[in-house]
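**Q** Contents of final-v4.txt (compact mmCIF, C-alpha atoms) are below:
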# COMPACT_ATOMS: atom_id res chain seq x y z
CA MET A 1 62.31 -101.99 -43.95
CA GLY A 2 58.97 -101.36 -45.66
CA GLU A 3 55.57 -100.54 -44.20
CA ASP A 4 54.42 -104.15 -44.64
CA LYS A 5 57.37 -105.41 -42.59
CA LEU A 6 56.73 -102.87 -39.84
CA ALA A 7 53.07 -103.88 -39.73
CA ALA A 8 54.06 -107.55 -39.40
CA ILE A 9 56.53 -106.74 -36.61
CA ASP A 10 53.84 -104.85 -34.69
CA ALA A 11 51.12 -107.46 -35.24
CA GLU A 12 49.53 -108.33 -31.90
CA HIS A 13 49.16 -112.03 -32.72
CA TYR A 14 52.97 -112.39 -32.87
CA ASP A 15 54.79 -112.59 -29.54
CA PHE A 16 58.11 -112.28 -31.39
CA TYR A 17 59.34 -111.42 -34.86
CA VAL A 18 62.66 -112.47 -36.42
CA ASP A 19 64.18 -110.60 -39.35
CA HIS A 20 67.83 -111.03 -40.35
CA MET A 21 69.57 -109.04 -43.08
CA TYR A 22 72.97 -107.95 -44.36
CA VAL A 23 74.44 -104.63 -43.35
CA ASP A 24 74.56 -103.23 -46.88
CA ARG A 25 70.76 -103.27 -46.92
CA ILE A 26 70.56 -100.77 -44.07
CA ASP A 27 69.33 -97.30 -44.89
CA SER A 28 69.01 -94.19 -42.76
CA ARG A 29 65.21 -94.06 -42.50
CA GLU A 30 63.85 -93.66 -39.00
CA TYR A 31 61.93 -96.52 -37.41
CA LYS A 32 59.59 -96.88 -34.48
CA HIS A 33 57.74 -100.06 -33.57
CA LYS A 34 55.64 -101.45 -30.75
CA LYS A 35 57.99 -104.33 -30.05
CA ALA A 36 61.47 -104.03 -28.55
CA ARG A 37 64.40 -104.90 -30.85
CA LEU A 38 67.49 -106.91 -30.03
CA LEU A 39 70.15 -106.12 -32.60
CA TYR A 40 73.29 -108.24 -33.05
CA ALA A 41 76.01 -107.82 -35.69
CA ASP A 42 78.46 -110.62 -36.38
CA GLY A 43 81.07 -108.24 -37.78
CA GLY A 44 81.84 -104.60 -38.56
CA ILE A 45 80.26 -101.73 -36.66
CA ILE A 46 76.66 -100.52 -36.69
CA HIS A 47 75.85 -96.90 -35.87
CA VAL A 48 72.57 -96.55 -33.99
CA PHE A 49 71.07 -93.08 -33.76
CA THR A 50 68.31 -92.40 -31.24
CA ALA A 51 66.80 -88.98 -30.56
CA THR A 52 69.51 -88.13 -28.02
CA LYS A 53 72.46 -90.47 -28.59
CA HIS A 54 74.78 -91.88 -31.22
CA TRP A 55 75.67 -95.44 -30.23
CA TYR A 56 78.46 -97.63 -31.63
CA LEU A 57 77.67 -101.33 -31.86
CA PRO A 58 80.81 -103.35 -32.70
CA ALA A 59 80.89 -107.00 -33.69
CA ARG A 60 80.03 -109.52 -30.95
CA PHE A 61 78.04 -106.98 -28.95
CA TYR A 62 74.29 -106.60 -29.09
CA MET A 63 71.92 -103.73 -28.43
CA TRP A 64 68.49 -103.65 -26.83
CA ILE A 65 66.19 -100.97 -28.28
CA PRO A 66 62.99 -100.62 -26.24
CA ALA A 67 59.56 -100.48 -27.87
CA ASN A 68 58.38 -97.12 -29.23
CA THR A 69 61.94 -95.79 -29.56
CA THR A 70 62.60 -93.67 -32.65
CA TYR A 71 65.97 -94.56 -34.20
CA HIS A 72 67.84 -95.23 -37.41
CA LEU A 73 70.85 -97.32 -38.40
CA GLU A 74 73.91 -96.61 -40.52
CA SER A 75 77.09 -98.51 -41.34
CA THR A 76 80.11 -98.31 -43.62
CA SER A 77 80.72 -102.05 -43.32
CA SER A 78 79.51 -104.35 -46.07
CA ARG A 79 77.86 -107.79 -46.20
CA ILE A 80 77.88 -108.18 -42.42
CA PRO A 81 75.19 -110.50 -40.98
CA LEU A 82 72.78 -108.46 -38.88
CA TYR A 83 70.44 -110.39 -36.59
CA SER A 84 67.19 -108.77 -35.42
CA PHE A 85 64.78 -110.17 -32.84
CA TYR A 86 61.64 -108.25 -31.92
CA PHE A 87 60.01 -108.87 -28.53
CA LYS A 88 56.57 -107.95 -27.25
CA GLU A 89 57.30 -106.13 -24.01
CA ARG A 90 55.74 -107.28 -20.73
CA GLN A 91 54.70 -105.27 -17.69
CA ASP A 92 57.36 -106.92 -15.52
CA MET A 93 60.29 -106.02 -17.77
CA PRO A 94 63.63 -105.66 -15.89
CA SER A 95 64.76 -102.05 -15.47
CA VAL A 96 67.91 -102.67 -17.55
CA LEU A 97 65.64 -103.22 -20.57
CA SER A 98 63.67 -100.01 -20.07
CA ALA A 99 66.24 -97.92 -21.97
CA PRO A 100 68.61 -98.52 -24.89
CA ASN A 101 71.64 -100.49 -23.73
CA ILE A 102 74.60 -102.30 -25.28
CA PHE A 103 75.71 -105.69 -23.96
CA LEU A 104 78.72 -107.90 -24.52
CA SER A 105 77.57 -111.14 -26.13
CA ASN A 106 78.70 -114.08 -24.01
CA ASP A 107 79.01 -117.58 -25.45
CA LEU A 108 75.48 -118.57 -24.47
CA MET A 109 73.83 -115.59 -26.15
CA ARG A 110 75.92 -115.93 -29.28
CA GLU A 111 75.00 -119.61 -29.59
CA MET A 112 71.33 -118.65 -29.30
CA PHE A 113 71.74 -116.01 -32.02
CA LEU A 114 73.42 -118.51 -34.33
CA PHE A 115 70.84 -121.19 -33.52
CA ALA A 116 68.14 -118.83 -34.81
CA GLN A 117 70.08 -117.52 -37.82
CA ASP A 118 67.78 -119.24 -40.33
CA TRP A 119 64.52 -118.15 -38.68
CA SER A 120 62.31 -115.57 -40.29
CA GLY A 121 58.91 -114.03 -39.64
CA GLY A 122 56.46 -114.00 -36.78
CA VAL A 123 56.51 -116.40 -33.85
CA SER A 124 53.65 -117.04 -31.45
CA LYS A 125 53.12 -119.44 -28.57
CA LYS A 126 50.27 -121.23 -30.30
CA THR A 127 51.87 -121.82 -33.70
CA GLU A 128 55.63 -122.27 -33.08
CA TYR A 129 56.04 -123.23 -29.46
CA SER A 130 59.68 -124.40 -29.63
CA LYS A 131 60.86 -121.14 -31.22
CA TYR A 132 58.69 -119.24 -28.75
CA CYS A 133 60.47 -120.93 -25.84
CA VAL A 134 63.93 -120.12 -27.21
CA LEU A 135 63.10 -116.46 -27.76
CA ARG A 136 61.39 -116.15 -24.38
CA ALA A 137 64.51 -117.62 -22.75
CA MET A 138 66.73 -115.24 -24.71
CA MET A 139 64.87 -112.23 -23.36
CA ALA A 140 64.78 -113.65 -19.84
CA ILE A 141 68.52 -114.29 -19.47
CA ILE A 142 69.77 -110.92 -20.74
CA PRO A 143 69.61 -109.14 -17.35
CA ASP A 144 71.30 -112.05 -15.54
CA THR A 145 74.07 -113.04 -17.95
CA SER A 146 75.00 -109.88 -19.86
CA PRO A 147 75.47 -106.72 -17.81
CA PRO A 148 75.34 -103.56 -19.97
CA VAL A 149 78.69 -102.19 -21.08
CA ASP A 150 79.38 -98.73 -19.68
CA ALA A 151 82.92 -97.89 -20.78
CA PHE A 152 82.84 -99.16 -24.33
CA PRO A 153 81.30 -99.13 -26.86
CA MET A 154 80.94 -95.43 -26.22
CA GLN A 155 78.01 -93.17 -26.90
CA HIS A 156 77.67 -89.44 -27.38
CA PRO A 157 75.07 -86.91 -28.54
CA TYR A 158 74.61 -86.45 -32.27
CA PRO A 159 73.77 -83.11 -33.93
CA LYS A 160 70.13 -82.15 -34.22
CA SER A 161 70.60 -79.18 -36.58
CA GLU A 162 71.19 -79.84 -40.26
CA LYS A 163 74.13 -77.40 -40.25
CA LEU A 164 75.99 -79.44 -37.64
CA ARG A 165 75.01 -82.71 -39.32
CA SER A 166 76.73 -81.44 -42.47
CA VAL A 167 79.81 -80.61 -40.39
CA ALA A 168 79.70 -84.07 -38.80
CA ARG A 169 79.46 -85.80 -42.19
CA TYR A 170 82.41 -83.78 -43.50
CA LEU A 171 84.53 -84.59 -40.45
CA ASN A 172 83.67 -88.28 -40.70
CA SER A 173 84.81 -88.30 -44.32
CA ASN A 174 88.13 -86.59 -43.52
CA LEU A 175 89.19 -87.98 -40.16
CA ASP A 176 92.82 -88.30 -41.24
CA GLN A 177 93.00 -84.49 -41.50
CA ALA A 178 93.73 -82.35 -38.42
CA PHE A 179 91.15 -79.62 -38.98
CA THR A 180 90.95 -76.82 -36.44
CA ILE A 181 87.58 -75.36 -35.53
CA GLU A 182 88.64 -72.18 -37.39
CA GLN A 183 89.18 -74.17 -40.63
CA ILE A 184 85.87 -75.99 -40.34
CA ALA A 185 84.00 -72.80 -39.48
CA ALA A 186 85.45 -71.06 -42.54
CA ARG A 187 84.53 -73.96 -44.79
CA PHE A 188 80.90 -73.76 -43.68
CA GLY A 189 80.66 -69.97 -43.76
CA MET A 190 80.70 -69.36 -40.02
CA SER A 191 82.93 -67.78 -37.43
CA SER A 192 84.71 -70.12 -35.04
CA ARG A 193 82.85 -68.50 -32.15
CA SER A 194 79.46 -69.19 -33.79
CA LEU A 195 80.38 -72.79 -34.56
CA SER A 196 81.65 -73.34 -31.03
CA ARG A 197 78.42 -71.92 -29.60
CA LEU A 198 76.35 -74.12 -31.94
CA PHE A 199 78.12 -77.25 -30.71
CA LYS A 200 77.47 -76.31 -27.09
CA GLU A 201 73.82 -75.35 -27.66
CA ASP A 202 72.97 -78.30 -29.93
CA MET A 203 74.82 -81.13 -28.18
CA GLY A 204 76.23 -79.78 -24.96
CA ILE A 205 79.80 -80.71 -25.90
CA SER A 206 82.70 -78.90 -27.56
CA TYR A 207 83.98 -79.28 -31.12
CA ILE A 208 87.14 -80.96 -29.81
CA ARG A 209 85.21 -83.50 -27.75
CA PHE A 210 82.92 -84.35 -30.68
CA LEU A 211 85.87 -84.72 -33.07
CA ARG A 212 87.62 -86.95 -30.56
CA ALA A 213 84.53 -89.11 -30.20
CA ILE A 214 84.04 -89.73 -33.92
CA ARG A 215 87.77 -90.42 -34.36
CA ILE A 216 87.67 -93.08 -31.66
CA ALA A 217 84.46 -94.46 -33.14
CA LYS A 218 86.17 -94.85 -36.52
CA SER A 219 89.13 -96.53 -34.85
CA LEU A 220 86.76 -99.10 -33.30
CA GLU A 221 85.41 -99.82 -36.76
CA LEU A 222 88.90 -100.21 -38.26
CA MET A 223 89.95 -102.51 -35.40
CA SER A 224 86.99 -104.80 -36.10
CA GLU A 225 88.21 -105.22 -39.70
CA ASN A 226 91.50 -106.70 -38.43
CA LYS A 227 93.45 -105.27 -41.40
CA TYR A 228 95.60 -102.60 -39.80
CA SER A 229 98.10 -102.22 -36.99
CA ILE A 230 97.26 -99.86 -34.13
CA LEU A 231 99.72 -97.31 -35.53
CA GLU A 232 98.07 -97.45 -38.97
CA ILE A 233 94.67 -96.98 -37.36
CA ALA A 234 95.94 -94.02 -35.36
CA MET A 235 97.19 -92.36 -38.55
CA ARG A 236 93.92 -93.04 -40.37
CA VAL A 237 91.90 -91.25 -37.69
CA GLY A 238 94.14 -88.20 -37.48
CA TYR A 239 96.74 -88.98 -34.81
CA ASN A 240 100.40 -88.64 -35.74
CA GLU A 241 101.68 -90.26 -32.55
CA LEU A 242 100.71 -93.70 -31.29
CA SER A 243 101.05 -92.62 -27.66
CA SER A 244 98.55 -89.77 -28.12
CA PHE A 245 96.03 -92.06 -29.79
CA SER A 246 96.48 -94.78 -27.17
CA ASN A 247 96.03 -92.38 -24.27
CA ILE A 248 92.90 -90.77 -25.72
CA PHE A 249 91.42 -94.13 -26.74
CA THR A 250 91.91 -95.40 -23.17
CA ARG A 251 90.45 -92.25 -21.65
CA VAL A 252 87.33 -92.40 -23.86
CA THR A 253 86.63 -96.13 -23.88
CA GLY A 254 88.11 -97.28 -20.58
CA ILE A 255 90.34 -99.89 -22.24
CA ARG A 256 93.69 -99.75 -24.03
CA PRO A 257 93.58 -100.25 -27.82
CA SER A 258 95.88 -103.28 -27.69
CA ILE A 259 93.57 -105.00 -25.19
CA TYR A 260 90.49 -104.10 -27.23
CA MET A 261 92.02 -105.57 -30.40
CA ALA A 262 92.96 -108.71 -28.50
CA LYS A 263 89.35 -109.06 -27.32
CA ILE A 264 88.00 -108.58 -30.84
CA ASN A 265 90.36 -111.25 -32.19
CA GLU A 266 89.36 -113.57 -29.35
CA TYR A 267 85.66 -113.15 -30.15
CA LYS A 268 86.30 -113.93 -33.82
CA GLN A 269 87.90 -117.29 -33.11
Take the structure I supplied and represent it as structure tokens, if you would.
**A**
Amino acid sequence: MGEDKLAAIDAEHYDFYVDHMYVDRIDSREYKHKKARLLYADGGIIHVFTATKHWYLPARFYMWIPANTTYHLESTSSRIPLYSFYFKERQDMPSVLSAPNIFLSNDLMREMFLFAQDWSGGVSKKTEYSKYCVLRAMMAIIPDTSPPVDAFPMQHPYPKSEKLRSVARYLNSNLDQAFTIEQIAARFGMSSRSLSRLFKEDMGISYIRFLRAIRIAKSLELMSENKYSILEIAMRVGYNELSSFSNIFTRVTGIRPSIYMAKINEYKQ
């Protein structure tokens, strides 16, 4: 997203702005704009990083990012349609839209997203009244029809220090390996005690909890691809036993992996 696009999104004479893209065009630059953003992916998984959280946005869910929020996006999926709607915030905004939240896309919202899939550019009440009405309705019905999802997709802090970000990138690239904190610490020239303390001070969680979170996050991404069995997914994210993976997945997300995969398949029909 270039400076010209950001300026157009923030233009006061537009009540809304619509900008759709494909996921392989996403980069990791940080963004901040005066309009709120509704982000919907029709496949794969989008990683949304705010200043304090790392959010996972799977297919058929959407995320509300309030105005003036600093964030960036990443994804390992390719050629996935990514829908973006920017809304000028009002003084009477519902409280559920005052902070970043992820929502399950019901049939009505998804039909509205698809209805607007060919739209592009700024929308104002004076120039494009019909589009204005659709987008105003979209924003109005979110609090009533799509309660935010608490249990899954999950969210967790992401490292602030560059040292831990390097550790996180390495772990994400080798999730099928069962690295102990001692092995990772040695690889990055630290003692296990120092690395453990850095995790606690930087993110407030342990190495084990962070590793568990990114493993489950990767499993959500693999499930959305619909290419692997649950056992294959478990092996790919570092679990040698299906029961261990299933129990941890359920504990972290609040839903069993078999039920989650069934839901994903249902949404894709």
**Q** Name the residues, using the chain letters and numbers of the file, that sit within 12 Å of (87.8, -104.9, -41.9) when counting all atoms listed in the file, and give them as a PDB file with C-alpha atoms, in the frame of the given file.
**A**
ATOM      1  CA  GLY A  43      81.070-108.240 -37.780  1.00  0.00           C
ATOM      2  CA  GLY A  44      81.840-104.600 -38.560  1.00  0.00           C
ATOM      3  CA  ILE A  45      80.260-101.730 -36.660  1.00  0.00           C
ATOM      4  CA  PRO A  58      80.810-103.350 -32.700  1.00  0.00           C
ATOM      5  CA  ALA A  59      80.890-107.000 -33.690  1.00  0.00           C
ATOM      6  CA  THR A  76      80.110 -98.310 -43.620  1.00  0.00           C
ATOM      7  CA  SER A  77      80.720-102.050 -43.320  1.00  0.00           C
ATOM      8  CA  SER A  78      79.510-104.350 -46.070  1.00  0.00           C
ATOM      9  CA  ARG A  79      77.860-107.790 -46.200  1.00  0.00           C
ATOM     10  CA  ILE A  80      77.880-108.180 -42.420  1.00  0.00           C
ATOM     11  CA  LYS A 218      86.170 -94.850 -36.520  1.00  0.00           C
ATOM     12  CA  SER A 219      89.130 -96.530 -34.850  1.00  0.00           C
ATOM     13  CA  LEU A 220      86.760 -99.100 -33.300  1.00  0.00           C
ATOM     14  CA  GLU A 221      85.410 -99.820 -36.760  1.00  0.00           C
ATOM     15  CA  LEU A 222      88.900-100.210 -38.260  1.00  0.00           C
ATOM     16  CA  MET A 223      89.950-102.510 -35.400  1.00  0.00           C
ATOM     17  CA  SER A 224      86.990-104.800 -36.100  1.00  0.00           C
ATOM     18  CA  GLU A 225      88.210-105.220 -39.700  1.00  0.00           C
ATOM     19  CA  ASN A 226      91.500-106.700 -38.430  1.00  0.00           C
ATOM     20  CA  LYS A 227      93.450-105.270 -41.400  1.00  0.00           C
ATOM     21  CA  TYR A 228      95.600-102.600 -39.800  1.00  0.00           C
ATOM     22  CA  SER A 229      98.100-102.220 -36.990  1.00  0.00           C
ATOM     23  CA  ILE A 233      94.670 -96.980 -37.360  1.00  0.00           C
ATOM     24  CA  ILE A 264      88.000-108.580 -30.840  1.00  0.00           C
ATOM     25  CA  ASN A 265      90.360-111.250 -32.190  1.00  0.00           C
TER      26      ASN A 265
END
**Q** Set the distance at 12 Å and use only C-alpha atoms: which residues neighbour Arg165 (chain A) once local chain neighbours fewer than 4 positions away are removed? I'd like the list as a VMD selection string.
**A** chain A and resid 157 to 161 169 to 172 188 198 to 199 202 to 203 210
**Q** Within 8 Å of Asp10 (chain A), counting only C-alpha atoms, which residues qualify if same-chain residues fewer than 6 places away don't, as a list in words?
**A**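 Within the cut-off, the hits are His33, Lys34 and Lys35 of chain A.
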**Q** With a distance cut-off of 9 Å and only C-alpha atoms, select the neighbouring residues of region 128-143 of chain A, excluding the residue or stretch itself and same-chain residues fewer than 5 positions from it, and output the selection as a ChimeraX atom specification.
**A** /A:15-16,38,85,87,94-97,103,109,112-113,116,119,123,148
**Q** Determine the nearest neighbour of Arg236 (chain A) from the options A:Leu211, A:Leu175, A:Met63, A:Ala217, counting only C-alpha atoms.
**A**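 Under the stated criterion, the closest residue is A:Leu175.
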**Q** From the list A:Ser206, A:Gln183, A:Tyr86, A:Val48, which residue is nearest Ser124 (chain A) when using all atoms listed in the file?
**A**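 Answer, going by the shortest atom-to-atom distance: A:Tyr86.
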**Q** Quick one: residues within 9 Å of Gly121 (chain A), only C-alpha atoms, excluding same-chain residues fewer than 5 positions away - as a PyMOL selection string?
**A** chain A and resi 8-9+16-19
**Q** Quick one: everything within 12 Å of Arg251 (chain A), counting all atoms listed in the file, minus sequence neighbours fewer than 2 positions away in the same chain. Send it as a list in words.
**A**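 Skipping anything fewer than 2 positions along the chain leaves Ala151, Phe152, Met154, Arg209, Arg212, Ala213, Ile216, Ser244, Phe245, Ser246, Asn247, Ile248, Phe249, Thr253, Gly254, Ile255, Arg256 and Pro257 of chain A.
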**Q** Name the closest residue to Thr52 (chain A) among the candidates A:Gly2, A:Gly204, A:Asn68, A:Leu104; distances are taken between atoms, counting all atoms listed in the file.
**A**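 That would be A:Gly204, the residue with the smallest distance to Thr52 (chain A).
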**Q** How many Å lie between CA of Arg197 (chain A) and CA of Ile214 (chain A), rounded to one decimal?
**A**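 Computed distance, CA of Arg197 (chain A) to CA of Ile214 (chain A), equals 19.2 Å.
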**Q** Work out how far CA of Tyr62 (chain A) is from CA of Ile259 (chain A), in Å to one decimal.
**A**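 That distance, rounded to one decimal, is 19.7 Å.
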**Q** Between CA of Ser166 (chain A) and CA of Ser196 (chain A), measure the distance and give it in Å to one decimal.
**A**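 Those two atoms sit 14.9 Å apart.
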**Q** From the set A:Pro100, A:Arg187, A:Lys32, A:Arg193, which residue has the shortest atom-to-atom contact distance to Ala7 (chain A), counting all atoms listed in the file?
**A** A:Lys32
